[in-house]
>>> print(open('coords.txt').read())   # compact mmCIF, C-alpha atoms
# COMPACT_ATOMS: atom_id res chain seq x y z
CA MET A 30 -144.81 71.08 13.63
CA ASN A 31 -144.54 73.39 10.70
CA THR A 32 -142.87 76.63 9.74
CA THR A 33 -144.31 79.29 7.49
CA ARG A 34 -143.15 82.48 5.89
CA SER A 35 -146.19 84.46 6.93
CA GLY A 36 -144.48 85.64 10.13
CA PRO A 37 -141.00 87.20 10.33
CA PRO A 38 -139.56 88.54 7.07
CA PRO A 39 -136.82 86.56 5.29
CA LEU A 40 -133.23 86.92 6.45
CA THR A 41 -130.25 87.52 4.20
CA ARG A 42 -126.56 87.89 4.86
CA PRO A 43 -125.22 91.47 4.62
CA ASP A 44 -124.13 90.74 1.03
CA GLY A 45 -127.68 89.69 0.10
CA THR A 46 -127.04 85.94 -0.08
CA PRO A 47 -128.92 83.40 2.08
CA PRO A 48 -127.59 82.56 5.55
CA ARG A 49 -125.45 79.41 5.57
CA VAL A 50 -126.35 76.82 8.21
CA LEU A 51 -124.82 73.44 9.01
CA VAL A 52 -126.93 70.83 10.84
CA VAL A 53 -124.94 68.19 12.72
CA ASP A 54 -126.91 65.25 14.12
CA ASP A 55 -126.53 61.49 13.75
CA ASP A 56 -130.30 60.93 13.71
CA PRO A 57 -131.08 60.96 9.97
CA ASP A 58 -134.79 61.62 10.46
CA LEU A 59 -134.20 64.56 12.77
CA ALA A 60 -131.50 65.98 10.51
CA GLU A 61 -133.83 65.72 7.51
CA VAL A 62 -136.65 67.53 9.33
CA LEU A 63 -134.32 70.28 10.54
CA THR A 64 -132.67 70.85 7.18
CA GLY A 65 -136.06 70.91 5.49
CA ALA A 66 -137.42 73.51 7.91
CA LEU A 67 -134.36 75.73 7.52
CA ARG A 68 -134.33 75.43 3.73
CA TYR A 69 -137.96 76.48 3.78
CA GLN A 70 -136.69 79.76 5.26
CA GLY A 71 -134.67 80.21 2.07
CA TRP A 72 -131.37 79.41 3.77
CA ASP A 73 -128.38 77.48 2.37
CA VAL A 74 -128.35 74.36 4.57
CA ARG A 75 -126.17 71.26 4.72
CA ALA A 76 -126.18 68.29 7.08
CA ALA A 77 -123.52 66.07 8.64
CA SER A 78 -123.91 62.98 10.82
CA ASP A 79 -120.64 63.00 12.78
CA GLY A 80 -117.76 65.23 13.79
CA VAL A 81 -115.45 64.40 10.90
CA ALA A 82 -118.16 65.06 8.30
CA ALA A 83 -119.17 68.25 10.13
CA LEU A 84 -115.67 69.72 9.96
CA ALA A 85 -115.31 68.79 6.29
CA ALA A 86 -118.66 70.44 5.51
CA ALA A 87 -117.73 73.51 7.58
CA ARG A 88 -114.50 74.01 5.64
CA ASP A 89 -116.46 73.90 2.39
CA LEU A 90 -119.56 75.87 3.42
CA LEU A 91 -118.05 78.32 5.95
CA PRO A 92 -121.39 78.41 7.78
CA ASP A 93 -122.78 81.43 9.59
CA ALA A 94 -124.45 79.13 12.12
CA VAL A 95 -124.29 75.48 13.17
CA VAL A 96 -126.99 73.41 14.84
CA LEU A 97 -124.86 70.93 16.77
CA ASP A 98 -125.91 67.83 18.70
CA VAL A 99 -123.91 67.30 21.88
CA MET A 100 -123.72 63.52 21.43
CA LEU A 101 -122.13 62.32 18.19
CA PRO A 102 -120.94 58.81 17.25
CA ASP A 103 -117.26 59.69 16.83
CA THR A 104 -116.79 62.56 19.33
CA ASP A 105 -118.79 65.07 21.35
CA GLY A 106 -120.18 68.40 20.25
CA PHE A 107 -117.83 70.36 22.47
CA ALA A 108 -114.77 69.01 20.66
CA VAL A 109 -116.42 69.80 17.33
CA LEU A 110 -117.14 73.34 18.54
CA ARG A 111 -113.47 73.96 19.28
CA ARG A 112 -112.50 72.82 15.79
CA LEU A 113 -115.33 74.82 14.19
CA HIS A 114 -113.97 77.99 15.77
CA GLU A 115 -110.62 77.24 14.13
CA VAL A 116 -112.36 77.02 10.74
CA LYS A 117 -114.59 80.09 11.28
CA PRO A 118 -114.05 81.94 14.56
CA ASP A 119 -117.29 83.96 14.40
CA VAL A 120 -119.63 81.05 13.64
CA CYS A 121 -122.81 80.95 15.79
CA VAL A 122 -123.45 77.60 17.48
CA LEU A 123 -126.83 76.35 18.70
CA PHE A 124 -126.46 73.16 20.76
CA LEU A 125 -129.05 70.37 20.86
CA THR A 126 -129.11 68.66 24.27
CA ALA A 127 -131.14 66.07 26.14
CA ARG A 128 -133.86 67.59 28.31
CA ASP A 129 -132.25 66.52 31.60
CA ALA A 130 -128.61 67.15 30.64
CA VAL A 131 -128.13 70.39 32.57
CA GLU A 132 -124.39 69.82 32.70
CA ASP A 133 -124.31 69.66 28.88
CA ARG A 134 -126.03 73.03 28.62
CA ILE A 135 -123.59 74.64 31.04
CA ALA A 136 -120.61 73.01 29.33
CA GLY A 137 -121.83 74.10 25.91
CA ILE A 138 -122.20 77.76 26.84
CA THR A 139 -118.90 77.69 28.75
CA ALA A 140 -117.16 76.16 25.73
CA GLY A 141 -118.27 79.06 23.56
CA GLY A 142 -121.68 77.93 22.31
CA ASP A 143 -124.17 80.72 21.79
CA ASP A 144 -127.44 79.03 22.73
CA TYR A 145 -129.10 75.65 23.15
CA VAL A 146 -132.44 73.92 22.77
CA THR A 147 -133.49 70.77 24.56
CA LYS A 148 -134.93 67.67 22.93
CA PRO A 149 -137.76 67.30 22.08
CA PHE A 150 -138.09 70.76 20.57
CA SER A 151 -140.29 72.59 18.10
CA LEU A 152 -139.01 73.58 14.68
CA GLU A 153 -140.37 77.07 15.29
CA GLU A 154 -138.12 77.42 18.33
CA VAL A 155 -135.00 76.33 16.45
CA VAL A 156 -135.73 78.74 13.59
CA ALA A 157 -136.45 81.61 15.99
CA ARG A 158 -133.30 81.04 18.00
CA LEU A 159 -131.15 80.82 14.87
CA ARG A 160 -132.67 84.04 13.52
CA GLY A 161 -131.87 85.75 16.80
CA LEU A 162 -128.29 84.48 16.86
CA LEU A 163 -127.61 85.50 13.27
CA ARG A 164 -129.05 88.97 13.69
CA ARG A 165 -127.29 89.66 17.00
CA ALA A 166 -123.99 88.55 15.48
CA GLY A 167 -124.54 90.92 12.55
CA MET A 168 -124.41 88.02 10.09
CA ALA A 169 -127.94 88.45 8.76
CA ARG A 170 -130.67 91.03 8.46
CA THR A 171 -134.18 91.31 7.14
CA TRP A 172 -134.34 92.48 3.55
CA GLU A 173 -136.16 95.75 4.33
CA GLU A 174 -133.74 97.03 6.96
CA GLY A 175 -130.19 98.31 6.86
CA PRO A 176 -127.30 96.64 8.69
CA ARG A 177 -128.23 97.93 12.14
CA LEU A 178 -127.59 96.61 15.63
CA VAL A 179 -130.18 97.57 18.23
CA VAL A 180 -129.92 96.96 21.98
CA GLY A 181 -132.54 98.85 23.95
CA ASP A 182 -132.29 102.52 22.98
CA LEU A 183 -128.76 102.07 21.62
CA VAL A 184 -128.64 101.84 17.81
CA MET A 185 -125.63 101.25 15.55
CA ASP A 186 -125.74 101.76 11.76
CA GLU A 187 -122.80 99.65 10.62
CA ASP A 188 -122.64 101.02 7.07
CA ALA A 189 -122.81 104.67 8.10
CA ARG A 190 -120.72 103.93 11.21
CA GLU A 191 -123.13 105.99 13.27
CA VAL A 192 -124.30 105.33 16.82
CA THR A 193 -127.20 106.89 18.70
CA ARG A 194 -128.59 106.41 22.17
CA ALA A 195 -132.16 107.53 22.77
CA GLY A 196 -131.87 109.32 19.43
CA GLU A 197 -128.82 111.33 20.47
CA PRO A 198 -125.60 110.83 18.44
CA VAL A 199 -122.64 109.16 20.11
CA GLU A 200 -119.26 110.05 18.57
CA LEU A 201 -116.80 107.15 18.67
CA SER A 202 -113.25 106.51 17.52
CA PRO A 203 -112.73 103.54 15.17
CA THR A 204 -111.54 101.30 18.02
CA GLU A 205 -114.39 102.36 20.28
CA PHE A 206 -116.81 101.62 17.44
CA GLU A 207 -115.43 98.09 16.98
CA LEU A 208 -115.54 97.41 20.71
CA LEU A 209 -119.14 98.61 20.95
CA ARG A 210 -120.07 96.57 17.88
CA LEU A 211 -118.72 93.44 19.60
CA LEU A 212 -120.71 94.19 22.76
CA MET A 213 -123.87 94.98 20.80
CA SER A 214 -123.51 91.79 18.74
CA ASN A 215 -123.53 89.82 22.00
CA PRO A 216 -126.16 91.48 24.21
CA ARG A 217 -126.49 90.03 27.72
CA ARG A 218 -123.46 87.82 27.05
CA VAL A 219 -120.42 88.28 29.27
CA LEU A 220 -117.27 88.71 27.18
CA SER A 221 -113.91 88.12 28.80
CA LYS A 222 -110.95 90.44 28.32
CA THR A 223 -109.30 87.64 26.36
CA GLN A 224 -112.21 87.42 23.94
CA ILE A 225 -112.35 91.19 23.52
CA LEU A 226 -108.61 91.46 22.86
CA ASP A 227 -108.79 88.67 20.31
CA ARG A 228 -111.79 90.02 18.40
CA VAL A 229 -111.13 93.77 18.55
CA TRP A 230 -107.35 93.97 18.63
CA SER A 231 -106.38 90.44 17.44
CA TYR A 232 -103.96 90.18 20.34
CA ASP A 233 -102.91 87.08 22.18
CA PHE A 234 -103.76 87.64 25.83
CA GLY A 235 -100.65 88.51 27.77
CA GLY A 236 -100.81 91.36 30.24
CA ARG A 237 -102.78 93.66 27.94
CA ALA A 238 -105.95 93.69 30.03
CA HIS A 239 -105.41 97.39 30.74
CA VAL A 240 -106.13 98.13 27.06
CA VAL A 241 -109.61 96.65 27.38
CA GLU A 242 -110.22 98.42 30.69
CA LEU A 243 -109.16 101.74 29.18
CA TYR A 244 -111.45 101.48 26.15
CA ILE A 245 -114.37 100.24 28.24
CA SER A 246 -113.96 103.39 30.33
CA TYR A 247 -113.96 105.50 27.14
CA LEU A 248 -117.17 103.82 25.99
CA ARG A 249 -118.86 104.31 29.33
CA LYS A 250 -118.15 108.04 29.22
CA LYS A 251 -119.77 108.30 25.79
CA VAL A 252 -122.55 105.70 25.89
CA ASP A 253 -123.59 105.78 29.55
CA ALA A 254 -122.74 109.38 30.54
CA GLY A 255 -125.77 110.99 32.18
CA ARG A 256 -127.91 107.91 31.49
CA ARG A 257 -128.74 104.61 33.16
CA PRO A 258 -125.70 102.38 32.46
CA MET A 259 -125.77 99.67 29.83
CA ILE A 260 -122.13 98.55 30.08
CA HIS A 261 -121.52 96.43 33.16
CA THR A 262 -118.48 94.79 34.72
CA VAL A 263 -118.89 91.19 35.88
CA ARG A 264 -116.16 90.80 38.45
CA GLY A 265 -113.66 88.11 37.51
CA ALA A 266 -115.44 87.36 34.23
CA GLY A 267 -115.50 90.38 31.89
CA TYR A 268 -118.01 92.86 30.51
CA VAL A 269 -121.59 92.72 29.30
CA LEU A 270 -123.96 95.10 27.51
CA LYS A 271 -127.55 95.02 28.72
CA PRO A 272 -130.56 97.03 27.60
CA VAL A 273 -131.98 99.33 30.24
CA PRO A 274 -135.35 98.04 31.52
CA ARG A 275 -138.23 100.25 30.47
>>> encode(input="coords.txt", output="structure tokens")
Amino acid sequence: MNTTRSGPPPLTRPDGTPPRVLVVDDDPDLAEVLTGALRYQGWDVRAASDGVAALAAARDLLPDAVVLDVMLPDTDGFAVLRRLHEVKPDVCVLFLTARDAVEDRIAGITAGGDDYVTKPFSLEEVVARLRGLLRRAGMARTWEEGPRLVVGDLVMDEDAREVTRAGEPVELSPTEFELLRLLMSNPRRVLSKTQILDRVWSYDFGGRAHVVELYISYLRKKVDAGRRPMIHTVRGAGYVLKPVPR
């Protein structure tokens, strides 16, 4: 297993600094291999062997992403995830699970994890998945491109605050822009009304679901009007943005 820099270009955070990644695993050999592979990408990486050390490191580093083992000596990864979101709500979390622990994978995604890999895994897979998470969340970009989000034929230039679909401009209000940015940062991921209210409006959920419904309808009229729809309702769960199959 090895990683090289001859493939994808280096990632940086939007401010030009290296992505910050925290590796949490109680296997010292595995943690050393992972941190070495990620540092080879030019990233700022730290390691922790249990939940207490992970939270202390997270408060200091404020990581963009965390590679988190489900089984830890002092707690489980799901409990650590909840505390991590208190430290940094937008942190990306990649769970490490046993190959046959299907329930762990489901629990991890349900708890708010962004992705998972099963043990044993390749370093290339971990690096690729982390790159994808960081870019989709808008936390990192390749050095030669601007801060853009791209889902299918929908493109958002975050600096210019411009949106196009199939090359045609889409005019959005500031709130519509933020809502679309959230959806585009989480393609194919169902976001609940609670999550959307918290991240776009910073509201506690309490009877304000109609606000989300209203702005989703505004977006649909502008993004999907006259085109194959990208914004979908998942009944009883929330909303999801999906690229249109070619």
>>> atom_distance(input="coords.txt", atom1="atom CA of A:Lys222", atom2="atom CA of A:Leu209")
13.7 Å
>>> residues_around(input="coords.txt", residues="stretch 82-88 of chain A", least_positions_apart="5", cutoff="9 Å", atoms="only C-alpha atoms", output="list in words")
Leu51, Val52, Val53, Arg75, Ala76, Ala77, Val95, Val109, Arg112, Leu113, Val116 and Lys117 of chain A
>>> residues_around(input="coords.txt", residues="A:Trp72", least_positions_apart="4", cutoff="8 Å", atoms="all atoms listed in the file", output="JSON, numbers by chain")
{"A": [47, 48, 49, 50, 67, 68]}
>>> closest_atom_pairs(input="coords.txt", of="stretch 103-214 of chain A", to="stretch 252-262 of chain A", cutoff="12 Å", atoms="only C-alpha atoms", output="Markdown table")
| residue | atom | partner | partner_atom | distance |
| --- | --- | --- | --- | --- |
| A:Val180 | CA | A:Met259 | CA | 9.3 |
| A:Gly181 | CA | A:Met259 | CA | 9.0 |
| A:Asp182 | CA | A:Met259 | CA | 9.9 |
| A:Leu183 | CA | A:Val252 | CA | 8.4 |
| A:Val184 | CA | A:Val252 | CA | 10.8 |
| A:Met185 | CA | A:Val252 | CA | 11.7 |
| A:Val192 | CA | A:Val252 | CA | 9.2 |
| A:Thr193 | CA | A:Val252 | CA | 8.6 |
| A:Arg194 | CA | A:Val252 | CA | 7.1 |
| A:Ala195 | CA | A:Arg256 | CA | 9.7 |
| A:Gly196 | CA | A:Val252 | CA | 11.9 |
| A:Glu197 | CA | A:Val252 | CA | 10.0 |
| A:Pro198 | CA | A:Val252 | CA | 9.5 |
| A:Val199 | CA | A:Val252 | CA | 6.7 |
| A:Glu200 | CA | A:Val252 | CA | 9.1 |
| A:Leu201 | CA | A:Val252 | CA | 9.3 |
| A:Glu205 | CA | A:Val252 | CA | 10.5 |
| A:Phe206 | CA | A:Val252 | CA | 11.0 |
| A:Leu208 | CA | A:Ile260 | CA | 11.5 |
| A:Leu209 | CA | A:Val252 | CA | 9.3 |
| A:Leu212 | CA | A:Ile260 | CA | 8.6 |
| A:Met213 | CA | A:Ile260 | CA | 10.1 |
>>> closest_residue(input="coords.txt", among="A:Ala127, A:Leu211, A:Arg165, A:Val74", to="A:Leu90", atoms="only C-alpha atoms")
A:Val74
>>> atom_distance(input="coords.txt", atom1="atom CA of A:Leu152", atom2="atom CA of A:Val62")
8.4 Å
>>> closest_residue(input="coords.txt", among="A:Tyr69, A:Ser202, A:Ala166, A:Arg42", to="A:Lys251", atoms="all atoms listed in the file")
A:Ser202
>>> closest_residue(input="coords.txt", among="A:Val229, A:Leu97, A:Leu178, A:Val219", to="A:Val122", atoms="only C-alpha atoms")
A:Leu97
>>> atom_distance(input="coords.txt", atom1="atom CA of A:Gly106", atom2="atom CA of A:Arg160")
21.1 Å
>>> residues_around(input="coords.txt", residues="A:Val155", least_positions_apart="3", cutoff="9 Å", atoms="only C-alpha atoms", output="list in words")
Leu63, Leu67, Val96, Leu123, Tyr145, Val146, Phe150, Ser151, Leu152, Arg158, Leu159 and Arg160 of chain A
>>> build_atoms(input="coords.txt", residues="stretch 238-249 of chain A", atoms="N, CA and C atoms", output="PDB file, in the frame of the given file")
ATOM      1  N   ALA A 238    -104.584  93.465  29.543  1.00  0.00           N
ATOM      2  CA  ALA A 238    -105.950  93.690  30.030  1.00  0.00           C
ATOM      3  C   ALA A 238    -106.235  95.165  30.212  1.00  0.00           C
ATOM      4  N   HIS A 239    -105.196  95.958  30.504  1.00  0.00           N
ATOM      5  CA  HIS A 239    -105.410  97.390  30.740  1.00  0.00           C
ATOM      6  C   HIS A 239    -105.941  98.087  29.488  1.00  0.00           C
ATOM      7  N   VAL A 240    -105.626  97.537  28.296  1.00  0.00           N
ATOM      8  CA  VAL A 240    -106.130  98.130  27.060  1.00  0.00           C
ATOM      9  C   VAL A 240    -107.646  98.026  27.011  1.00  0.00           C
ATOM     10  N   VAL A 241    -108.170  96.843  27.360  1.00  0.00           N
ATOM     11  CA  VAL A 241    -109.610  96.650  27.380  1.00  0.00           C
ATOM     12  C   VAL A 241    -110.251  97.554  28.424  1.00  0.00           C
ATOM     13  N   GLU A 242    -109.675  97.590  29.617  1.00  0.00           N
ATOM     14  CA  GLU A 242    -110.220  98.420  30.690  1.00  0.00           C
ATOM     15  C   GLU A 242    -110.272  99.889  30.270  1.00  0.00           C
ATOM     16  N   LEU A 243    -109.227 100.341  29.596  1.00  0.00           N
ATOM     17  CA  LEU A 243    -109.160 101.740  29.180  1.00  0.00           C
ATOM     18  C   LEU A 243    -110.268 102.054  28.179  1.00  0.00           C
ATOM     19  N   TYR A 244    -110.448 101.196  27.177  1.00  0.00           N
ATOM     20  CA  TYR A 244    -111.450 101.480  26.150  1.00  0.00           C
ATOM     21  C   TYR A 244    -112.876 101.264  26.658  1.00  0.00           C
ATOM     22  N   ILE A 245    -113.054 100.367  27.604  1.00  0.00           N
ATOM     23  CA  ILE A 245    -114.370 100.240  28.240  1.00  0.00           C
ATOM     24  C   ILE A 245    -114.700 101.542  28.976  1.00  0.00           C
ATOM     25  N   SER A 246    -113.710 102.125  29.635  1.00  0.00           N
ATOM     26  CA  SER A 246    -113.960 103.390  30.330  1.00  0.00           C
ATOM     27  C   SER A 246    -114.297 104.498  29.341  1.00  0.00           C
ATOM     28  N   TYR A 247    -113.631 104.515  28.176  1.00  0.00           N
ATOM     29  CA  TYR A 247    -113.960 105.500  27.140  1.00  0.00           C
ATOM     30  C   TYR A 247    -115.403 105.328  26.692  1.00  0.00           C
ATOM     31  N   LEU A 248    -115.807 104.074  26.444  1.00  0.00           N
ATOM     32  CA  LEU A 248    -117.170 103.820  25.990  1.00  0.00           C
ATOM     33  C   LEU A 248    -118.194 104.253  27.025  1.00  0.00           C
ATOM     34  N   ARG A 249    -117.911 103.951  28.273  1.00  0.00           N
ATOM     35  CA  ARG A 249    -118.860 104.310  29.330  1.00  0.00           C
ATOM     36  C   ARG A 249    -119.089 105.824  29.364  1.00  0.00           C
TER      37      ARG A 249
END
